[in-house]
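Below is my_file-v5.txt, holding compact mmCIF, C-alpha atoms (C1' of nucleotides).
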# COMPACT_ATOMS: atom_id res chain seq x y z
CA MET A 181 -11.84 -0.84 -13.94
CA GLN A 182 -12.23 1.27 -17.06
CA ILE A 183 -14.94 0.11 -19.45
CA THR A 184 -15.92 3.32 -21.22
CA THR A 185 -14.24 2.58 -24.56
CA GLU A 186 -15.74 -0.87 -25.02
CA LEU A 187 -19.12 0.12 -23.58
CA PHE A 188 -19.59 3.26 -25.67
CA THR A 189 -18.52 1.50 -28.86
CA TRP A 190 -20.89 -1.38 -28.17
CA TYR A 191 -23.71 1.08 -27.44
CA SER A 192 -23.25 3.07 -30.62
CA GLU A 193 -23.44 -0.13 -32.64
CA ASN A 194 -26.26 -1.88 -30.80
CA LYS A 195 -28.59 0.63 -29.20
CA ARG A 196 -32.28 0.52 -29.97
CA GLU A 197 -34.06 3.52 -31.39
CA LEU A 198 -36.41 4.69 -28.63
CA PRO A 199 -38.56 7.84 -28.59
CA TRP A 200 -37.25 9.13 -25.24
CA ARG A 201 -33.69 8.92 -26.51
CA ASN A 202 -34.30 11.80 -28.88
CA THR A 203 -35.10 14.35 -26.21
CA ARG A 204 -33.77 15.92 -23.04
CA GLU A 205 -37.09 17.31 -21.93
CA PRO A 206 -37.57 16.24 -18.32
CA TYR A 207 -41.31 15.71 -18.79
CA HIS A 208 -40.82 13.05 -21.44
CA ILE A 209 -37.84 11.47 -19.69
CA TRP A 210 -39.75 11.39 -16.41
CA LEU A 211 -42.83 9.89 -18.04
CA SER A 212 -40.83 7.15 -19.71
CA GLU A 213 -38.88 6.32 -16.56
CA ILE A 214 -41.98 5.96 -14.42
CA MET A 215 -43.57 3.70 -17.03
CA LEU A 216 -40.49 1.54 -17.32
CA GLN A 217 -40.20 0.83 -13.60
CA GLN A 218 -40.35 -2.98 -13.35
CA THR A 219 -41.71 -2.96 -16.87
CA ARG A 220 -40.25 -4.18 -20.15
CA ILE A 221 -39.71 -1.57 -22.84
CA GLU A 222 -41.90 -3.49 -25.30
CA GLN A 223 -44.75 -3.43 -22.81
CA GLY A 224 -44.37 0.24 -21.90
CA LEU A 225 -43.79 1.64 -25.39
CA PRO A 226 -47.43 1.77 -26.57
CA TYR A 227 -48.43 3.41 -23.31
CA TYR A 228 -45.71 6.02 -23.77
CA TYR A 229 -47.06 6.91 -27.20
CA ARG A 230 -50.63 7.15 -25.92
CA PHE A 231 -49.65 9.34 -22.97
CA THR A 232 -47.48 11.74 -24.94
CA GLU A 233 -50.18 12.10 -27.57
CA LYS A 234 -52.98 12.71 -25.07
CA TYR A 235 -50.82 14.77 -22.70
CA PRO A 236 -48.16 16.62 -24.73
CA THR A 237 -47.08 18.67 -21.70
CA VAL A 238 -47.02 18.27 -17.94
CA PHE A 239 -49.85 20.80 -17.79
CA ASP A 240 -52.11 18.57 -19.88
CA LEU A 241 -51.39 15.65 -17.57
CA ALA A 242 -51.96 17.74 -14.46
CA ASN A 243 -55.31 18.99 -15.71
CA ALA A 244 -56.64 15.54 -16.57
CA PRO A 245 -59.05 13.74 -14.21
CA ILE A 246 -57.33 10.96 -12.27
CA ASP A 247 -59.81 8.37 -13.59
CA GLU A 248 -58.81 9.28 -17.14
CA VAL A 249 -55.13 8.84 -16.28
CA LEU A 250 -55.82 5.49 -14.64
CA LYS A 251 -57.84 4.40 -17.66
CA LEU A 252 -54.93 5.23 -19.93
CA TRP A 253 -52.63 3.36 -17.56
CA GLN A 254 -54.93 0.32 -17.49
CA GLY A 255 -53.03 -2.90 -18.14
CA LEU A 256 -49.61 -1.56 -17.23
CA GLY A 257 -49.85 -2.61 -13.58
CA TYR A 258 -48.49 -1.09 -10.37
CA TYR A 259 -51.23 1.52 -10.45
CA SER A 260 -49.76 3.62 -7.65
CA ARG A 261 -47.30 4.74 -10.31
CA ALA A 262 -50.16 6.37 -12.21
CA ARG A 263 -51.53 8.08 -9.12
CA ASN A 264 -48.09 9.35 -8.12
CA LEU A 265 -47.51 10.45 -11.70
CA HIS A 266 -50.64 12.53 -11.62
CA GLU A 267 -49.89 13.99 -8.18
CA THR A 268 -46.37 14.95 -9.21
CA ALA A 269 -47.65 16.51 -12.43
CA LYS A 270 -49.99 18.67 -10.39
CA PHE A 271 -47.22 19.57 -7.95
CA VAL A 272 -44.79 20.55 -10.72
CA THR A 273 -47.51 22.55 -12.42
CA GLU A 274 -48.92 24.32 -9.41
CA LYS A 275 -45.85 24.76 -7.20
CA LEU A 276 -42.95 24.82 -9.66
CA ASN A 277 -44.51 26.68 -12.59
CA GLY A 278 -44.27 23.54 -14.67
CA VAL A 279 -40.49 23.34 -14.35
CA PHE A 280 -38.99 20.08 -13.09
CA PRO A 281 -36.21 20.20 -10.47
CA LYS A 282 -32.77 20.06 -12.04
CA SER A 283 -30.80 17.99 -9.54
CA TYR A 284 -30.80 14.42 -8.25
CA VAL A 285 -31.47 15.53 -4.68
CA GLU A 286 -34.44 17.70 -5.59
CA LEU A 287 -35.90 15.21 -8.05
CA LYS A 288 -35.85 12.48 -5.42
CA LYS A 289 -38.22 14.51 -3.26
CA LEU A 290 -41.03 14.11 -5.79
CA LYS A 291 -43.63 11.38 -5.34
CA GLY A 292 -42.86 8.23 -7.28
CA ILE A 293 -39.26 9.26 -7.94
CA GLY A 294 -36.79 7.10 -6.05
CA ASP A 295 -33.08 6.51 -6.27
CA TYR A 296 -33.05 5.09 -9.77
CA THR A 297 -35.47 7.50 -11.42
CA ALA A 298 -33.84 10.59 -9.88
CA ALA A 299 -30.45 9.47 -11.18
CA ALA A 300 -31.90 8.71 -14.61
CA ILE A 301 -33.56 12.10 -15.03
CA ALA A 302 -30.63 14.04 -13.55
CA SER A 303 -28.08 12.34 -15.79
CA PHE A 304 -30.14 12.14 -19.00
CA CYS A 305 -31.49 15.68 -18.86
CA TYR A 306 -28.78 17.62 -17.03
CA ASN A 307 -25.71 15.43 -17.34
CA GLU A 308 -25.36 15.23 -13.56
CA PRO A 309 -22.76 12.54 -12.72
CA VAL A 310 -25.00 10.17 -10.75
CA ALA A 311 -25.06 6.47 -11.58
CA VAL A 312 -28.32 4.61 -12.19
CA VAL A 313 -28.70 1.20 -10.60
CA ASP A 314 -31.50 -0.86 -12.09
CA GLY A 315 -31.93 -4.58 -12.66
CA ASN A 316 -29.61 -4.43 -15.66
CA VAL A 317 -26.84 -2.66 -13.78
CA TYR A 318 -27.05 -5.13 -10.89
CA ARG A 319 -26.60 -8.00 -13.32
CA VAL A 320 -23.76 -6.48 -15.33
CA LEU A 321 -21.76 -5.39 -12.28
CA SER A 322 -22.31 -8.62 -10.36
CA ARG A 323 -20.87 -10.51 -13.32
CA LEU A 324 -18.12 -8.09 -14.26
CA PHE A 325 -16.78 -8.08 -10.69
CA ASP A 326 -18.10 -11.54 -9.75
CA LEU A 327 -19.90 -10.25 -6.68
CA ASP A 328 -22.06 -12.58 -4.61
CA THR A 329 -23.69 -10.02 -2.34
CA PRO A 330 -27.47 -10.44 -2.74
CA ILE A 331 -28.67 -7.52 -4.83
CA ASN A 332 -31.90 -7.20 -2.84
CA SER A 333 -30.19 -7.04 0.55
CA SER A 334 -29.44 -3.68 2.12
CA ALA A 335 -25.71 -4.45 1.97
CA GLY A 336 -26.03 -5.27 -1.72
CA ILE A 337 -27.97 -2.14 -2.53
CA LYS A 338 -25.26 -0.03 -0.87
CA GLU A 339 -22.35 -1.93 -2.40
CA PHE A 340 -23.66 -1.85 -5.97
CA LYS A 341 -24.64 1.80 -5.79
CA LEU A 342 -21.14 2.68 -4.63
CA LEU A 343 -19.53 0.54 -7.32
CA ALA A 344 -21.77 1.93 -10.04
CA GLN A 345 -20.80 5.44 -8.99
CA GLU A 346 -17.09 4.53 -9.03
CA ILE A 347 -17.09 3.23 -12.59
CA LEU A 348 -19.36 6.00 -13.89
CA ASN A 349 -17.90 8.04 -16.71
CA LYS A 350 -18.11 11.51 -15.17
CA LYS A 351 -17.64 13.26 -18.51
CA ASP A 352 -20.68 11.67 -20.15
CA PRO A 353 -22.85 10.13 -17.46
CA ALA A 354 -25.93 10.24 -19.68
CA THR A 355 -24.45 7.99 -22.33
CA HIS A 356 -22.73 5.83 -19.74
CA ASN A 357 -25.96 5.16 -17.82
CA GLN A 358 -28.01 4.40 -20.89
CA ALA A 359 -25.27 2.27 -22.40
CA LEU A 360 -24.82 0.17 -19.28
CA MET A 361 -28.53 -0.54 -19.02
CA GLU A 362 -28.86 -1.30 -22.71
CA PHE A 363 -25.84 -3.58 -22.46
CA GLY A 364 -27.51 -5.47 -19.63
CA ALA A 365 -30.78 -5.75 -21.50
CA ILE A 366 -29.39 -6.96 -24.83
CA GLN A 367 -25.89 -8.38 -24.34
CA CYS A 368 -25.48 -9.33 -20.68
CA LYS A 369 -29.06 -10.61 -20.39
CA PRO A 370 -30.35 -12.84 -17.58
CA GLN A 371 -30.49 -16.11 -19.55
CA ASN A 372 -27.89 -17.16 -22.10
CA PRO A 373 -25.80 -13.98 -22.25
CA TYR A 374 -23.59 -13.60 -25.31
CA CYS A 375 -20.30 -14.08 -23.48
CA LEU A 376 -18.55 -15.50 -26.56
CA LEU A 377 -18.76 -12.23 -28.46
CA CYS A 378 -18.82 -9.85 -25.51
CA PRO A 379 -16.57 -6.79 -25.72
CA LEU A 380 -16.00 -7.00 -21.96
CA SER A 381 -15.30 -10.74 -21.80
CA SER A 382 -11.60 -10.26 -21.08
CA LYS A 383 -12.47 -8.16 -18.04
CA CYS A 384 -15.39 -10.23 -16.76
CA LEU A 385 -14.46 -11.99 -13.52
CA ALA A 386 -17.59 -14.14 -13.47
CA LEU A 387 -16.72 -15.44 -16.92
CA ARG A 388 -13.20 -16.19 -15.76
CA ASN A 389 -14.53 -17.95 -12.63
CA ASN A 390 -17.33 -19.70 -14.50
CA THR A 391 -20.02 -18.16 -12.28
CA VAL A 392 -21.93 -16.17 -14.88
CA LYS A 393 -25.03 -18.31 -14.51
CA GLU A 394 -25.03 -17.73 -10.76
CA ARG A 395 -24.91 -13.94 -11.01
CA PRO A 396 -26.54 -11.96 -9.69
CA ILE A 397 -27.41 -13.52 -6.34
CA LYS A 398 -30.90 -12.65 -5.23
CA LEU A 399 -32.71 -13.50 -2.00
CA LYS A 400 -35.87 -15.49 -2.46
CA LYS A 401 -39.11 -13.62 -2.21
CA SER A 402 -42.08 -14.47 -0.07
CA LYS A 403 -44.47 -17.14 -1.20
CA ILE A 404 -47.67 -16.64 -3.09
CA LYS A 405 -50.94 -15.98 -1.32
CA HIS A 406 -54.18 -17.48 -2.57
CA ARG A 407 -57.40 -15.48 -2.49
CA TYR A 408 -60.94 -16.29 -3.55
CA PHE A 409 -63.01 -13.62 -5.29
CA ASN A 410 -66.72 -13.80 -6.07
CA TYR A 411 -67.76 -10.96 -8.35
CA LEU A 412 -71.44 -10.09 -8.53
CA VAL A 413 -72.25 -9.04 -12.06
CA PHE A 414 -75.67 -7.49 -11.82
CA ASN A 415 -77.86 -7.54 -14.84
CA HIS A 416 -81.23 -6.01 -14.37
CA GLN A 417 -83.69 -4.10 -16.43
CA ASP A 418 -82.23 -2.22 -19.37
CA LYS A 419 -78.94 -4.09 -18.99
CA LYS A 420 -77.74 -2.06 -16.07
CA THR A 421 -75.12 -3.18 -13.61
CA LEU A 422 -73.20 -2.06 -10.52
CA LEU A 423 -69.58 -1.01 -10.05
CA GLU A 424 -67.58 -0.21 -6.95
CA GLN A 425 -64.23 1.52 -6.57
CA ARG A 426 -61.40 -0.20 -4.73
CA THR A 427 -59.96 1.81 -1.88
CA GLY A 428 -57.29 1.24 0.72
CA LYS A 429 -53.83 -0.14 0.38
CA GLY A 430 -54.32 -3.45 -1.39
CA ILE A 431 -54.14 -4.36 -5.05
CA TRP A 432 -55.77 -2.23 -7.72
CA ASN A 433 -56.28 0.75 -5.46
CA GLY A 434 -58.45 3.31 -7.22
CA LEU A 435 -59.64 0.96 -9.94
CA TYR A 436 -63.25 -0.15 -10.41
CA GLN A 437 -64.75 -3.61 -10.24
CA PHE A 438 -68.05 -5.40 -9.82
CA PRO A 439 -69.24 -5.76 -6.22
CA LEU A 440 -66.92 -8.28 -4.60
CA VAL A 441 -67.50 -10.98 -2.02
CA GLU A 442 -64.18 -12.44 -0.86
CA SER A 443 -64.01 -15.78 0.91
CA ASN A 444 -61.34 -17.95 2.51
CA ASP A 445 -62.03 -20.79 0.11
CA HIS A 446 -64.23 -21.52 -2.88
CA PHE A 447 -67.85 -20.61 -2.19
CA SER A 448 -70.77 -22.70 -3.25
CA GLU A 449 -73.80 -20.80 -4.51
CA LYS A 450 -75.50 -21.48 -1.20
CA GLU A 451 -72.56 -20.18 0.83
CA LEU A 452 -72.33 -17.07 -1.31
CA ILE A 453 -75.99 -16.21 -0.92
CA ALA A 454 -75.79 -16.81 2.83
CA SER A 455 -72.76 -14.54 3.27
CA GLU A 456 -73.18 -11.23 5.03
CA ASP A 457 -71.52 -9.32 2.19
CA PHE A 458 -73.99 -10.72 -0.30
CA LYS A 459 -77.01 -9.97 1.84
CA LYS A 460 -75.79 -6.46 2.46
CA ILE A 461 -75.62 -5.77 -1.25
CA LEU A 462 -78.85 -7.48 -2.28
CA GLY A 463 -81.00 -6.50 0.69
CA GLU A 464 -84.49 -7.92 0.35
CA ARG A 465 -84.52 -7.92 -3.43
CA GLU A 466 -85.49 -10.99 -5.40
CA PHE A 467 -82.83 -12.34 -7.67
CA GLU A 468 -81.79 -15.18 -9.91
CA ILE A 469 -78.14 -16.20 -9.85
CA THR A 470 -76.03 -18.17 -12.34
CA LEU A 471 -72.33 -18.91 -12.43
CA PHE A 472 -70.61 -17.56 -15.55
CA ARG A 473 -67.97 -20.29 -15.94
CA ASP A 474 -67.84 -23.75 -14.41
CA GLU A 475 -64.16 -23.42 -13.56
CA PRO A 476 -62.83 -20.49 -11.56
CA LYS A 477 -60.56 -18.13 -13.45
CA ILE A 478 -57.16 -17.95 -11.79
CA HIS A 479 -55.67 -14.51 -12.23
CA LYS A 480 -51.97 -14.60 -11.38
CA LEU A 481 -50.21 -11.60 -9.93
CA SER A 482 -46.56 -11.73 -8.95
CA HIS A 483 -47.39 -12.10 -5.27
CA GLN A 484 -50.88 -13.61 -5.16
CA HIS A 485 -53.15 -15.90 -7.13
CA LEU A 486 -56.76 -14.83 -7.38
CA HIS A 487 -59.30 -17.63 -7.79
CA THR A 488 -62.16 -15.72 -9.27
CA ARG A 489 -65.74 -16.51 -10.12
CA PHE A 490 -68.21 -14.23 -11.82
CA TRP A 491 -71.81 -14.65 -10.75
CA ILE A 492 -74.50 -13.21 -12.99
CA VAL A 493 -77.25 -11.83 -10.78
CA GLU A 494 -80.55 -11.03 -12.47
CA THR A 495 -82.84 -8.65 -10.62
CA LYS A 496 -85.97 -6.78 -11.58
CA LEU A 497 -85.67 -3.82 -9.25
CA ASP A 498 -83.28 -1.05 -10.12
CA LEU A 499 -80.33 -0.43 -7.82
CA ASP A 500 -78.83 2.84 -6.68
CA LYS A 501 -75.96 4.20 -8.73
CA SER A 502 -76.29 1.57 -11.41
CA ILE A 503 -74.80 2.11 -14.85
CA PHE A 504 -75.34 0.53 -18.23
CA ILE A 505 -73.19 -2.54 -18.68
CA ASN A 506 -71.67 -1.15 -21.86
CA GLU A 507 -70.50 1.90 -19.93
CA VAL A 508 -68.15 -0.18 -17.80
CA GLU A 509 -65.44 0.13 -20.40
CA LYS A 510 -65.20 3.83 -19.65
CA TYR A 511 -63.91 3.09 -16.15
CA PRO A 512 -60.36 2.05 -15.25
CA VAL A 513 -60.60 -1.62 -14.32
CA PRO A 514 -58.10 -4.42 -13.63
CA VAL A 515 -57.17 -6.60 -16.60
CA LEU A 516 -59.10 -9.41 -14.93
CA ILE A 517 -62.34 -7.42 -15.16
CA GLU A 518 -61.56 -6.23 -18.67
CA ASN A 519 -61.03 -9.80 -19.86
CA PHE A 520 -64.22 -11.02 -18.25
CA LEU A 521 -66.21 -8.19 -19.75
CA ASN A 522 -65.01 -8.96 -23.25
CA GLU A 523 -66.00 -12.60 -22.88
CA TYR A 524 -69.31 -11.86 -21.23
CA LEU A 525 -70.47 -9.20 -23.65
CA SER A 526 -69.51 -11.16 -26.73
CA GLU A 527 -71.44 -14.19 -25.49
CA ALA A 528 -74.42 -12.61 -23.82
CA TYR A 529 -75.25 -9.83 -26.22
CA ASN A 530 -74.30 -11.15 -29.63
C1' DA B 1413 -35.21 -5.23 6.78
C1' DA B 1414 -39.11 -7.14 4.80
C1' DG B 1415 -43.51 -6.97 2.51
C1' DC B 1416 -46.46 -5.19 -0.91
C1' DC B 1417 -47.75 -3.55 -5.47
C1' DG B 1418 -49.41 -6.01 -11.94
C1' DG B 1419 -49.02 -7.83 -15.99
C1' DG B 1420 -46.59 -10.00 -19.59
C1' DG B 1421 -42.86 -12.44 -22.01
C1' DA B 1422 -39.05 -15.71 -22.28
C1' DA B 1423 -36.90 -20.12 -21.36
C1' DT C 813 -43.49 -23.58 -13.93
C1' DT C 814 -39.94 -19.85 -12.75
C1' DC C 815 -37.75 -15.66 -13.37
C1' DC C 816 -37.51 -10.91 -14.26
C1' DC C 817 -38.55 -6.53 -16.14
C1' DA C 818 -34.96 1.07 -17.08
C1' DG C 819 -38.38 0.39 -8.74
C1' DG C 820 -40.78 2.82 -5.02
C1' DC C 821 -43.49 3.05 -0.91
C1' DT C 822 -44.99 1.45 3.57
C1' DT C 823 -44.49 -0.68 7.91
Turn this file's structure into structure tokens for me.
Amino acid sequence: MQITTELFTWYSENKRELPWRNTREPYHIWLSEIMLQQTRIEQGLPYYYRFTEKYPTVFDLANAPIDEVLKLWQGLGYYSRARNLHETAKFVTEKLNGVFPKSYVELKKLKGIGDYTAAAIASFCYNEPVAVVDGNVYRVLSRLFDLDTPINSSAGIKEFKLLAQEILNKKDPATHNQALMEFGAIQCKPQNPYCLLCPLSSKCLALRNNTVKERPIKLKKSKIKHRYFNYLVFNHQDKKTLLEQRTGKGIWNGLYQFPLVESNDHFSEKELIASEDFKKILGEREFEITLFRDEPKIHKLSHQHLHTRFWIVETKLDLDKSIFINEVEKYPVPVLIENFLNEYLSEAYN
DNA sequence: AAGCCGGGGAA
DNA sequence: TTCCCAGGCTT
């Protein structure tokens, strides 16, 4: 099926003006693509501006401390992207003299660059004829060809990649890839696509078969896990508090938070104080504890719901490694912590 | 092959 | 509420 004429015409008339569309520099393309992974353009755009201003070149990014990069990334989610971004910046700077690889195969070897991102950079920057397959492309192709293979099955991933490569315009893969994604985002959108005035409507098999609303097919994801967080917000002399850094493989790896006591269900004050985690942190110190909000704050992630309570713990003795409470904002923290801090500081110190 | 990793906006 | 977003990594 040939769609180039209709697609390119639609694109020239409907494309949005975006900063990374005015360049072929791999650094800027790469930065934008990492930020836009599983992220809406409107959400990523302000971050793109902040990053390119603070780090005009890959050298600037590579030389920055990781905590500074994470702080700038704060609120964008999927924080491993920021750590991989920084690692790859250092690799490109130190091992490749600051020059990005120029082919799909070589790009894919870099940390944080998978199938999609390698194809995006290779086609946008170097016009390599490799098709991108993102959420938009899955949707457009599944409708255009009325395919019911689940897009998140291994068979689907293979099938759609092959199909995308077949219909790719090999003379102008850069425009083709961008146009197809933009078409999926604006015209062939998930809900209520504009089929009535679609330039591809005569070729769309799903429209002909009345299955547009059922495309694409996607396997259901696992159910949501519930967790119960008790944060200990220390407040002792001179308004100092305690932070810890999250490590390991779970959520928010590398970000900072108040000392955390996790439980299998909601803790009463008595249960919290009796817990081993609490005793380990407090030791033999005297303290006075108050709950910040009556109702737990439920922070919803895509795969788990966090039932969180913030306990204000007043102590007289100083603790090791404590910092002033108004210094917390210098650290990269989850949005949950950021939101709490804003509420707490505006109420407690105003 | 399946699970995990954030936060926000739209319907 | 549910879905999905210019996906990638780990097990």
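Residues of chain A having any atom within 8 Å of chain B, counting only C-alpha atoms (C1' of nucleotides), are Gln223, Gly255, Leu256, Gly257, Tyr258, Tyr259, Ser260, Ser334, Gln371, Gly430, Ile431, Leu481 and Ser482 of chain A.
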Axis-aligned box over every listed atom of chain C, padded by 8 Å per side: centre and edges in Å to one decimal, as JSON?
{"center_x": -40.0, "center_y": -10.3, "center_z": -4.6, "size_x": 26.0, "size_y": 42.6, "size_z": 41.0}
Calculate how many Å separate CA of Ser502 (chain A) from CA of Ile478 (chain A), rounding to one decimal.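 Separation of CA of Ser502 (chain A) and CA of Ile478 (chain A): 27.3 Å.
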From A:Leu321, A:Ile293, A:Leu462, A:Ile404, residue lying nearest chain C [all atoms listed in the file]: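 Of A:Leu321, A:Ile293, A:Leu462, A:Ile404, the one nearest chain C, counting all atoms listed in the file, is A:Ile293.
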Any idea what the distance is between CA of Val392 (chain A) and CA of Ile331 (chain A)?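 Pair CA of Val392 (chain A) / CA of Ile331 (chain A) returns 14.9 Å.
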Per-residue nearest contacts of chain A to chain C (10 Å; only C-alpha atoms (C1' of nucleotides)) as CSV:
residue,atom,partner,partner_atom,distance
A:Ser212,CA,C:DA818,C1',8.9
A:Glu213,CA,C:DA818,C1',6.6
A:Ile214,CA,C:DG819,C1',8.7
A:Met215,CA,C:DA818,C1',9.0
A:Leu216,CA,C:DA818,C1',5.6
A:Gln217,CA,C:DG819,C1',5.2
A:Gln218,CA,C:DC817,C1',4.9
A:Thr219,CA,C:DC817,C1',4.8
A:Arg220,CA,C:DC817,C1',4.9
A:Ile221,CA,C:DA818,C1',7.9
A:Gln223,CA,C:DC817,C1',9.6
A:Ser260,CA,C:DC821,C1',9.2
A:Arg261,CA,C:DG820,C1',8.6
A:Lys291,CA,C:DG820,C1',9.0
A:Gly292,CA,C:DG820,C1',6.2
A:Ile293,CA,C:DG820,C1',7.2
A:Gly294,CA,C:DG820,C1',5.9
A:Asp295,CA,C:DG819,C1',8.5
A:Tyr296,CA,C:DG819,C1',7.2
A:Thr297,CA,C:DG819,C1',8.1
A:Ala300,CA,C:DA818,C1',8.6
A:Val312,CA,C:DA818,C1',9.0
A:Val313,CA,C:DA818,C1',9.0
A:Asp314,CA,C:DA818,C1',6.4
A:Gly315,CA,C:DC817,C1',7.7
A:Asn316,CA,C:DA818,C1',7.8
A:Val317,CA,C:DA818,C1',9.5
A:Asn357,CA,C:DA818,C1',9.9
A:Gln358,CA,C:DA818,C1',8.6
A:Met361,CA,C:DA818,C1',6.9
A:Glu362,CA,C:DA818,C1',8.6
A:Ala365,CA,C:DA818,C1',9.1
A:Pro370,CA,C:DC816,C1',8.1
A:Gln371,CA,C:DC815,C1',9.5
A:Lys429,CA,C:DT822,C1',9.5
List as a ChimeraX atom specification the protein and nucleic acid residues near Ala298 (chain A), meaning an atom at most 10 Å away when only C-alpha atoms (C1' of nucleotides) are counted, but skip any in the same chain fewer than 4 places from it. /A:210,213,281-290,292-294,302-304,310-312
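Counting from CA of Pro514 (chain A), the distance to CA of Val441 (chain A) is 16.3 Å.
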Give as a PyMOL selection string the set of residues within 9 Å of the point (-73.1, -6.8, -14.0), where distances use the file's coordinates and all atoms listed in the file. chain A and resi 411-416+419-423+438-439+491-494+504-505
File dump, residues just selected, C-alpha atoms, as an mmCIF file, keeping the file's coordinate frame:
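Result file selection-v1.cif:
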data_model
loop_
_atom_site.group_PDB
_atom_site.id
_atom_site.type_symbol
_atom_site.label_atom_id
_atom_site.label_comp_id
_atom_site.auth_asym_id
_atom_site.auth_seq_id
_atom_site.Cartn_x
_atom_site.Cartn_y
_atom_site.Cartn_z
ATOM 1 C CA TYR A 411 -67.760 -10.960 -8.350
ATOM 2 C CA LEU A 412 -71.440 -10.090 -8.530
ATOM 3 C CA VAL A 413 -72.250 -9.040 -12.060
ATOM 4 C CA PHE A 414 -75.670 -7.490 -11.820
ATOM 5 C CA ASN A 415 -77.860 -7.540 -14.840
ATOM 6 C CA HIS A 416 -81.230 -6.010 -14.370
ATOM 7 C CA LYS A 419 -78.940 -4.090 -18.990
ATOM 8 C CA LYS A 420 -77.740 -2.060 -16.070
ATOM 9 C CA THR A 421 -75.120 -3.180 -13.610
ATOM 10 C CA LEU A 422 -73.200 -2.060 -10.520
ATOM 11 C CA LEU A 423 -69.580 -1.010 -10.050
ATOM 12 C CA PHE A 438 -68.050 -5.400 -9.820
ATOM 13 C CA PRO A 439 -69.240 -5.760 -6.220
ATOM 14 C CA TRP A 491 -71.810 -14.650 -10.750
ATOM 15 C CA ILE A 492 -74.500 -13.210 -12.990
ATOM 16 C CA VAL A 493 -77.250 -11.830 -10.780
ATOM 17 C CA GLU A 494 -80.550 -11.030 -12.470
ATOM 18 C CA PHE A 504 -75.340 0.530 -18.230
ATOM 19 C CA ILE A 505 -73.190 -2.540 -18.680
#
Write out as number ranges by chain which residues come within 7 Å of region 227-244 of chain A when counting all atoms listed in the file, dropping same-chain ones fewer than 5 positions away. A: 207, 212, 249, 266, 269-270, 273, 278
For Pro476 (chain A), the closest of A:Arg426, A:Arg489, A:Lys400, A:Arg323 counting only C-alpha atoms is A:Arg489
